[in-house]
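Next comes target-v7.csv, a file with CSV, C-alpha atoms and all ligand atoms.
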chain,number,residue,atom,x,y,z
A,25,MET,CA,3.0,-20.0,0.7
A,26,SER,CA,5.9,-18.9,-1.6
A,27,ASN,CA,8.7,-16.8,-0.2
A,28,ILE,CA,7.5,-13.8,-2.3
A,29,ALA,CA,3.9,-14.2,-0.9
A,30,LYS,CA,5.3,-14.3,2.6
A,31,ASN,CA,7.5,-11.3,2.0
A,32,ILE,CA,4.5,-9.3,0.7
A,33,GLU,CA,2.5,-10.2,3.7
A,34,ALA,CA,5.4,-9.1,6.0
A,35,VAL,CA,5.7,-5.8,4.1
A,36,ARG,CA,2.0,-5.1,4.3
A,37,LYS,CA,2.2,-5.7,8.0
A,38,ARG,CA,5.1,-3.2,8.3
A,39,ILE,CA,2.9,-0.7,6.4
A,40,MET,CA,-0.1,-1.3,8.7
A,41,LEU,CA,2.0,-0.9,11.8
A,42,ALA,CA,3.7,2.2,10.7
A,43,ALA,CA,0.4,3.8,9.5
A,44,SER,CA,-1.4,2.9,12.7
A,45,LYS,CA,1.5,4.2,14.8
A,46,CYS,CA,1.1,7.7,13.4
A,47,GLY,CA,-2.7,7.6,13.1
A,48,ARG,CA,-2.9,7.2,9.3
A,49,SER,CA,-5.1,4.8,7.4
A,50,PRO,CA,-3.0,2.0,5.9
A,51,ASP,CA,-5.3,2.3,2.8
A,52,ASP,CA,-3.7,5.7,2.1
A,53,VAL,CA,-0.3,4.0,1.6
A,54,HIS,CA,0.0,2.2,-1.7
A,55,LEU,CA,2.6,-0.6,-2.0
A,56,LEU,CA,4.5,-0.4,-5.3
A,57,ALA,CA,6.5,-3.6,-5.8
A,58,ILE,CA,9.8,-2.7,-7.5
A,59,SER,CA,10.6,-5.7,-9.7
A,60,LYS,CA,13.7,-4.4,-11.5
A,61,ILE,CA,16.3,-7.0,-12.4
A,62,LYS,CA,13.9,-9.7,-11.3
A,63,PRO,CA,12.3,-12.1,-13.8
A,64,ALA,CA,8.7,-12.0,-15.0
A,65,THR,CA,8.1,-15.3,-13.1
A,66,ALA,CA,8.8,-13.4,-9.8
A,67,VAL,CA,6.3,-10.6,-10.8
A,68,LYS,CA,3.7,-13.3,-11.6
A,69,GLU,CA,4.3,-14.9,-8.2
A,70,ALA,CA,3.8,-11.5,-6.5
A,71,PHE,CA,0.7,-10.9,-8.6
A,72,ASN,CA,-0.8,-14.3,-7.5
A,73,ALA,CA,-0.2,-13.2,-3.9
A,74,GLY,CA,-2.5,-10.2,-4.5
A,75,GLN,CA,0.1,-7.5,-5.5
A,76,LYS,CA,-1.3,-5.4,-8.4
A,77,LEU,CA,1.1,-2.4,-8.5
A,78,PHE,CA,4.6,-2.9,-10.0
A,79,GLY,CA,7.4,-0.4,-10.6
A,80,GLU,CA,10.2,-0.9,-13.1
A,81,ASN,CA,13.4,1.2,-13.6
A,82,TYR,CA,14.6,0.1,-17.1
A,83,VAL,CA,12.6,0.6,-20.3
A,84,GLN,CA,13.7,-2.6,-22.1
A,85,GLU,CA,13.0,-4.7,-19.0
A,86,LEU,CA,9.6,-3.2,-18.5
A,87,LYS,CA,8.7,-3.6,-22.1
A,88,GLU,CA,9.6,-7.3,-22.0
A,89,LYS,CA,7.8,-8.0,-18.7
A,90,HIS,CA,4.7,-6.1,-19.9
A,91,GLU,CA,4.6,-8.3,-23.0
A,92,LYS,CA,5.1,-11.6,-21.2
A,93,LEU,CA,2.5,-10.7,-18.5
A,94,SER,CA,0.0,-8.9,-20.7
A,95,ASP,CA,-2.8,-11.3,-19.6
A,96,LEU,CA,-2.4,-10.1,-15.9
A,97,ASP,CA,-4.2,-7.0,-14.7
A,98,ILE,CA,-1.1,-5.3,-13.5
A,99,GLU,CA,-0.8,-1.5,-13.0
A,100,TRP,CA,2.7,-0.6,-14.2
A,101,HIS,CA,4.6,2.4,-12.9
A,102,PHE,CA,7.9,3.6,-14.3
A,103,THR,CA,10.3,4.6,-11.5
A,104,GLY,CA,13.8,4.9,-13.1
A,105,HIS,CA,15.5,7.6,-15.0
A,106,LEU,CA,13.6,8.1,-18.3
A,107,GLN,CA,15.4,9.1,-21.5
A,108,ARG,CA,13.4,11.2,-23.9
A,109,ASN,CA,14.0,8.8,-26.8
A,110,LYS,CA,12.5,5.9,-24.8
A,111,VAL,CA,9.3,7.7,-23.8
A,112,LYS,CA,7.4,6.2,-26.7
A,113,TYR,CA,8.0,2.7,-25.5
A,114,VAL,CA,6.4,3.1,-22.1
A,115,VAL,CA,3.6,5.7,-22.5
A,116,PRO,CA,1.3,3.2,-24.3
A,117,PHE,CA,0.7,1.2,-21.1
A,118,VAL,CA,2.1,2.8,-17.9
A,119,LYS,CA,-0.3,4.2,-15.4
A,120,ALA,CA,2.3,6.5,-13.8
A,121,ILE,CA,5.8,7.9,-14.2
A,122,HIS,CA,7.6,8.7,-10.9
A,123,SER,CA,10.7,10.3,-12.4
A,124,LEU,CA,9.7,13.4,-14.2
A,125,ASP,CA,12.5,15.8,-13.8
A,126,SER,CA,12.6,18.3,-16.7
A,127,ILE,CA,10.4,20.3,-19.0
A,128,LYS,CA,11.9,18.6,-22.0
A,129,LEU,CA,10.9,15.1,-20.7
A,130,ALA,CA,7.4,16.4,-19.8
A,131,THR,CA,7.0,17.8,-23.3
A,132,GLU,CA,8.0,14.5,-24.8
A,133,ILE,CA,5.5,12.5,-22.6
A,134,ASN,CA,2.8,15.0,-23.5
A,135,ARG,CA,3.6,14.6,-27.2
A,136,ARG,CA,3.6,10.8,-27.2
A,137,ALA,CA,0.8,9.9,-24.8
A,138,GLU,CA,-2.6,9.1,-26.1
A,139,ARG,CA,-4.2,9.2,-22.7
A,140,GLN,CA,-3.5,10.9,-19.4
A,141,ILE,CA,-0.5,9.6,-17.4
A,142,ASP,CA,-0.1,10.2,-13.7
A,143,CYS,CA,3.1,12.0,-13.0
A,144,PHE,CA,5.3,12.6,-10.0
A,145,ILE,CA,8.1,15.2,-10.1
A,146,GLU,CA,11.3,13.6,-8.9
A,147,VAL,CA,13.0,16.0,-6.5
A,148,ASN,CA,16.7,15.7,-5.7
A,149,VAL,CA,16.1,16.9,-2.1
A,150,ALA,CA,19.7,16.4,-1.0
A,151,GLU,CA,21.0,18.2,-4.1
A,152,GLU,CA,23.4,15.3,-4.8
A,153,ALA,CA,25.4,15.9,-7.9
A,154,SER,CA,25.3,12.2,-8.7
A,155,LYS,CA,21.5,11.9,-8.7
A,156,THR,CA,18.8,12.7,-11.2
A,157,GLY,CA,15.7,14.7,-10.1
A,158,THR,CA,15.0,18.4,-10.3
A,159,SER,CA,16.4,20.8,-7.8
A,160,ALA,CA,14.1,22.4,-5.3
A,161,GLU,CA,14.1,25.8,-6.9
A,162,LYS,CA,13.1,24.4,-10.3
A,163,ILE,CA,10.0,22.7,-9.1
A,164,TYR,CA,7.7,25.7,-9.6
A,165,GLU,CA,8.8,26.3,-13.1
A,166,LEU,CA,8.2,22.6,-13.9
A,167,VAL,CA,4.8,22.5,-12.2
A,168,THR,CA,3.7,25.6,-14.2
A,169,ALA,CA,4.9,24.1,-17.5
A,170,ILE,CA,3.1,20.8,-16.7
A,171,SER,CA,-0.1,22.5,-15.9
A,172,LYS,CA,-0.4,23.4,-19.6
A,173,MET,CA,0.2,19.8,-20.8
A,174,THR,CA,-3.1,18.0,-21.2
A,175,LYS,CA,-1.7,14.4,-21.3
A,176,LEU,CA,0.1,14.9,-17.9
A,177,ASN,CA,-1.9,14.4,-14.7
A,178,LEU,CA,0.5,15.7,-12.1
A,179,VAL,CA,-0.3,13.9,-8.8
A,180,GLY,CA,2.6,14.7,-6.5
A,181,LEU,CA,6.3,14.4,-5.8
A,182,MET,CA,8.9,11.6,-5.5
A,183,THR,CA,12.3,11.4,-3.9
A,184,MET,CA,15.1,9.0,-3.2
A,185,PRO,CA,17.3,10.3,-0.3
A,186,PRO,CA,21.0,9.5,-0.1
A,187,TYR,CA,21.5,5.9,1.1
A,188,ASP,CA,22.1,5.4,4.8
A,189,GLN,CA,21.9,2.3,7.0
A,190,ASN,CA,20.0,4.4,9.6
A,191,PRO,CA,16.5,5.1,8.3
A,192,GLU,CA,16.3,8.2,10.6
A,193,GLU,CA,18.8,9.9,8.3
A,194,SER,CA,16.1,9.9,5.5
A,195,ARG,CA,13.6,11.7,7.7
A,196,PRO,CA,14.7,15.3,6.9
A,197,TYR,CA,14.5,14.6,3.2
A,198,PHE,CA,11.1,13.1,3.4
A,199,SER,CA,9.9,16.0,5.5
A,200,ARG,CA,11.4,18.4,2.9
A,201,LEU,CA,9.4,16.7,0.1
A,202,ARG,CA,6.2,16.9,2.1
A,203,HIS,CA,6.8,20.6,2.7
A,204,ALA,CA,7.5,21.1,-1.0
A,205,LEU,CA,4.1,19.5,-1.8
A,206,ASP,CA,2.3,21.7,0.7
A,207,ASP,CA,4.0,24.7,-0.7
A,208,ILE,CA,2.8,24.0,-4.3
A,209,ASN,CA,-0.7,23.5,-3.0
A,210,LYS,CA,-0.6,26.7,-0.9
A,211,LYS,CA,0.7,28.8,-3.8
A,212,GLY,CA,-2.0,27.2,-6.1
A,213,ILE,CA,0.4,26.9,-9.0
A,214,TYR,CA,-1.2,23.7,-10.2
A,215,PRO,CA,-5.0,23.7,-11.1
A,216,LYS,CA,-5.8,20.9,-8.7
A,217,LYS,CA,-4.5,19.8,-5.3
A,218,LEU,CA,-1.5,17.5,-5.3
A,219,THR,CA,-1.9,14.6,-2.9
A,220,GLU,CA,0.7,12.0,-3.5
A,221,LEU,CA,4.2,11.5,-2.1
A,222,SER,CA,6.3,8.6,-3.6
A,223,MET,CA,8.9,8.0,-0.9
A,224,GLY,CA,10.3,5.2,1.2
A,225,MET,CA,11.9,1.9,0.2
A,226,THR,CA,12.8,-1.4,2.0
A,227,GLY,CA,15.1,0.3,4.6
A,228,ASP,CA,13.1,3.4,5.4
A,229,MET,CA,9.4,2.9,4.6
A,230,GLU,CA,8.3,3.3,8.2
A,231,VAL,CA,9.9,6.7,8.5
A,232,ALA,CA,8.5,7.7,5.0
A,233,ILE,CA,5.0,6.7,6.2
A,234,GLU,CA,5.4,8.8,9.3
A,235,GLU,CA,6.3,11.7,7.1
A,236,GLY,CA,3.3,11.3,4.8
A,237,SER,CA,4.2,8.8,2.1
A,238,THR,CA,1.3,7.6,-0.1
A,239,TYR,CA,3.5,5.3,-2.3
A,240,VAL,CA,6.2,3.2,-0.8
A,241,ARG,CA,8.5,1.7,-3.5
A,242,VAL,CA,9.7,-1.7,-2.2
A,243,GLY,CA,12.0,-4.1,-4.0
A,244,THR,CA,14.4,-6.0,-1.7
A,245,ALA,CA,11.9,-6.8,1.1
A,246,ILE,CA,9.6,-8.5,-1.5
A,247,PHE,CA,12.0,-10.1,-4.1
A,248,GLY,CA,15.2,-10.4,-2.1
A,249,GLY,CA,18.6,-8.8,-2.9
A,250,ARG,CA,19.7,-7.8,-6.4
A,251,ALA,CA,22.9,-9.0,-8.0
B,1,LIG,C1,15.5,0.0,-6.6
B,1,LIG,C2,14.5,1.1,-6.2
B,1,LIG,C3,13.6,1.0,-5.2
B,1,LIG,C4,13.5,-0.2,-4.3
B,1,LIG,O1,14.6,-0.3,-3.4
B,1,LIG,P1,14.7,-1.4,-2.3
B,1,LIG,O2,15.7,-0.8,-1.3
B,1,LIG,O3,15.2,-2.6,-2.9
B,1,LIG,O4,13.4,-1.6,-1.7
B,1,LIG,C5,12.7,2.1,-5.0
B,1,LIG,N1,12.8,3.1,-5.8
B,1,LIG,C6,13.6,3.3,-6.8
B,1,LIG,C7,13.6,4.5,-7.7
B,1,LIG,C8,14.5,2.2,-7.1
B,1,LIG,O5,15.4,2.4,-8.1

Could you render the structure from this file as structure tokens?
Amino acid sequence: MSNIAKNIEAVRKRIMLAASKCGRSPDDVHLLAISKIKPATAVKEAFNAGQKLFGENYVQELKEKHEKLSDLDIEWHFTGHLQRNKVKYVVPFVKAIHSLDSIKLATEINRRAERQIDCFIEVNVAEEASKTGTSAEKIYELVTAISKMTKLNLVGLMTMPPYDQNPEESRPYFSRLRHALDDINKKGIYPKKLTELSMGMTGDMEVAIEEGSTYVRVGTAIFGGRA
């Protein structure tokens, strides 16, 4: 077995353990392999080990890997900061965008997409000045605007908490994101129930799963460290 295949097996085991520990079904937690900076050959290796969902952060890289690997039945997700002038390059083939953070970006996706794209609103839960993502107060305005955009299928929320060695430090942010999702559903400001929480990475996926994550975004534990 290749290293990547072994790593994927280990990550799946971590997901299973974390889910069973809190009484959730592991099937409700999707593993999104974050392949940024890694070559197409690494993606192919992961695909051959049974991994179907991949997330990329950079438009040019995603475009190149998508072209190189077009014969594989990969579900591509975009997870990085998306500039409006790059939207046209990714909407033809991505299944989901995890980094929706403004009405302007949503409008451009709606204008360019020829079919529905699953979208996550990225929330800057810690209100860090250095980070992208919408602030907590702006979520409702954004959800309301998206509900009028026919090409956007809003499915949930995404966050990336401040980095900390101790995964427990991420818990309050994950919990805040879950409450924000519950709140949108309670208030009924989107026409259908939002069910997805994109949260948890290599260092804190167990805590994220305990707090309700449905998409863990894992790079390092699958592909190794990035230069
Ligand atoms: C890089 C990245 C990840 C993966 O981080 P790891 O710690 O390598 O697992 C997840 N989400 C986003 C948005 C990223 O940029």

Next item on the list: Dig up all the protein and nucleic acid residues within 10 Å of (3.0, 0.4, 0.3) in the file frame, using only C-alpha atoms, and format them as a PyMOL selection string.
Entry: chain A and resi 32+35-40+50-57+77+222-225+229-230+233+237-242

Note to self: Can you work out which residues are within 10 Å of ligand LIG 1 (chain B), considering all atoms listed in the file, and then hand them over as an MDAnalysis selection string?
What the structure shows: chainID A and resid 56:61 79:82 102:105 122:123 146 182:184 187 222:229 240:250

Taking C-alpha atoms for each residue, export the selection above as a PDB file, keeping the file's coordinate frame.
ATOM      1  CA  LEU A  56       4.500  -0.400  -5.300  1.00  0.00           C
ATOM      2  CA  ALA A  57       6.500  -3.600  -5.800  1.00  0.00           C
ATOM      3  CA  ILE A  58       9.800  -2.700  -7.500  1.00  0.00           C
ATOM      4  CA  SER A  59      10.600  -5.700  -9.700  1.00  0.00           C
ATOM      5  CA  LYS A  60      13.700  -4.400 -11.500  1.00  0.00           C
ATOM      6  CA  ILE A  61      16.300  -7.000 -12.400  1.00  0.00           C
ATOM      7  CA  GLY A  79       7.400  -0.400 -10.600  1.00  0.00           C
ATOM      8  CA  GLU A  80      10.200  -0.900 -13.100  1.00  0.00           C
ATOM      9  CA  ASN A  81      13.400   1.200 -13.600  1.00  0.00           C
ATOM     10  CA  TYR A  82      14.600   0.100 -17.100  1.00  0.00           C
ATOM     11  CA  PHE A 102       7.900   3.600 -14.300  1.00  0.00           C
ATOM     12  CA  THR A 103      10.300   4.600 -11.500  1.00  0.00           C
ATOM     13  CA  GLY A 104      13.800   4.900 -13.100  1.00  0.00           C
ATOM     14  CA  HIS A 105      15.500   7.600 -15.000  1.00  0.00           C
ATOM     15  CA  HIS A 122       7.600   8.700 -10.900  1.00  0.00           C
ATOM     16  CA  SER A 123      10.700  10.300 -12.400  1.00  0.00           C
ATOM     17  CA  GLU A 146      11.300  13.600  -8.900  1.00  0.00           C
ATOM     18  CA  MET A 182       8.900  11.600  -5.500  1.00  0.00           C
ATOM     19  CA  THR A 183      12.300  11.400  -3.900  1.00  0.00           C
ATOM     20  CA  MET A 184      15.100   9.000  -3.200  1.00  0.00           C
ATOM     21  CA  TYR A 187      21.500   5.900   1.100  1.00  0.00           C
ATOM     22  CA  SER A 222       6.300   8.600  -3.600  1.00  0.00           C
ATOM     23  CA  MET A 223       8.900   8.000  -0.900  1.00  0.00           C
ATOM     24  CA  GLY A 224      10.300   5.200   1.200  1.00  0.00           C
ATOM     25  CA  MET A 225      11.900   1.900   0.200  1.00  0.00           C
ATOM     26  CA  THR A 226      12.800  -1.400   2.000  1.00  0.00           C
ATOM     27  CA  GLY A 227      15.100   0.300   4.600  1.00  0.00           C
ATOM     28  CA  ASP A 228      13.100   3.400   5.400  1.00  0.00           C
ATOM     29  CA  MET A 229       9.400   2.900   4.600  1.00  0.00           C
ATOM     30  CA  VAL A 240       6.200   3.200  -0.800  1.00  0.00           C
ATOM     31  CA  ARG A 241       8.500   1.700  -3.500  1.00  0.00           C
ATOM     32  CA  VAL A 242       9.700  -1.700  -2.200  1.00  0.00           C
ATOM     33  CA  GLY A 243      12.000  -4.100  -4.000  1.00  0.00           C
ATOM     34  CA  THR A 244      14.400  -6.000  -1.700  1.00  0.00           C
ATOM     35  CA  ALA A 245      11.900  -6.800   1.100  1.00  0.00           C
ATOM     36  CA  ILE A 246       9.600  -8.500  -1.500  1.00  0.00           C
ATOM     37  CA  PHE A 247      12.000 -10.100  -4.100  1.00  0.00           C
ATOM     38  CA  GLY A 248      15.200 -10.400  -2.100  1.00  0.00           C
ATOM     39  CA  GLY A 249      18.600  -8.800  -2.900  1.00  0.00           C
ATOM     40  CA  ARG A 250      19.700  -7.800  -6.400  1.00  0.00           C
TER      41      ARG A 250
END

Item checked: Residue nearest Tyr113 of chain A among A:Lys62, A:Lys76, A:Arg136, A:Lys92 (counting all atoms listed in the file) ->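 Ranking A:Lys62, A:Lys76, A:Arg136, A:Lys92 by distance to Tyr113 of chain A, first place goes to A:Arg136.
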
Margin query: Calculated over all atoms listed in the file, which of the candidates A:Leu96, A:Ala232, A:Ala66, A:Val111 has the smallest distance to Glu192 of chain A?
Written below: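 For Glu192 of chain A, the nearest of the given residues is A:Ala232.
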
Check: So what do you get for atom CA of Thr174 of chain A versus atom CA of Asp207 of chain A, distance-wise?
Finding: 22.7 Å

Checklist line | Best match for closeness to Glu152 of chain A among A:Ser26, A:Leu176, A:Pro186, A:Asp95, counting only C-alpha atoms | finding: A:Pro186

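Put simply, atom CA of Leu181 of chain A is 17.9 Å away from atom CA of Phe78 of chain A.
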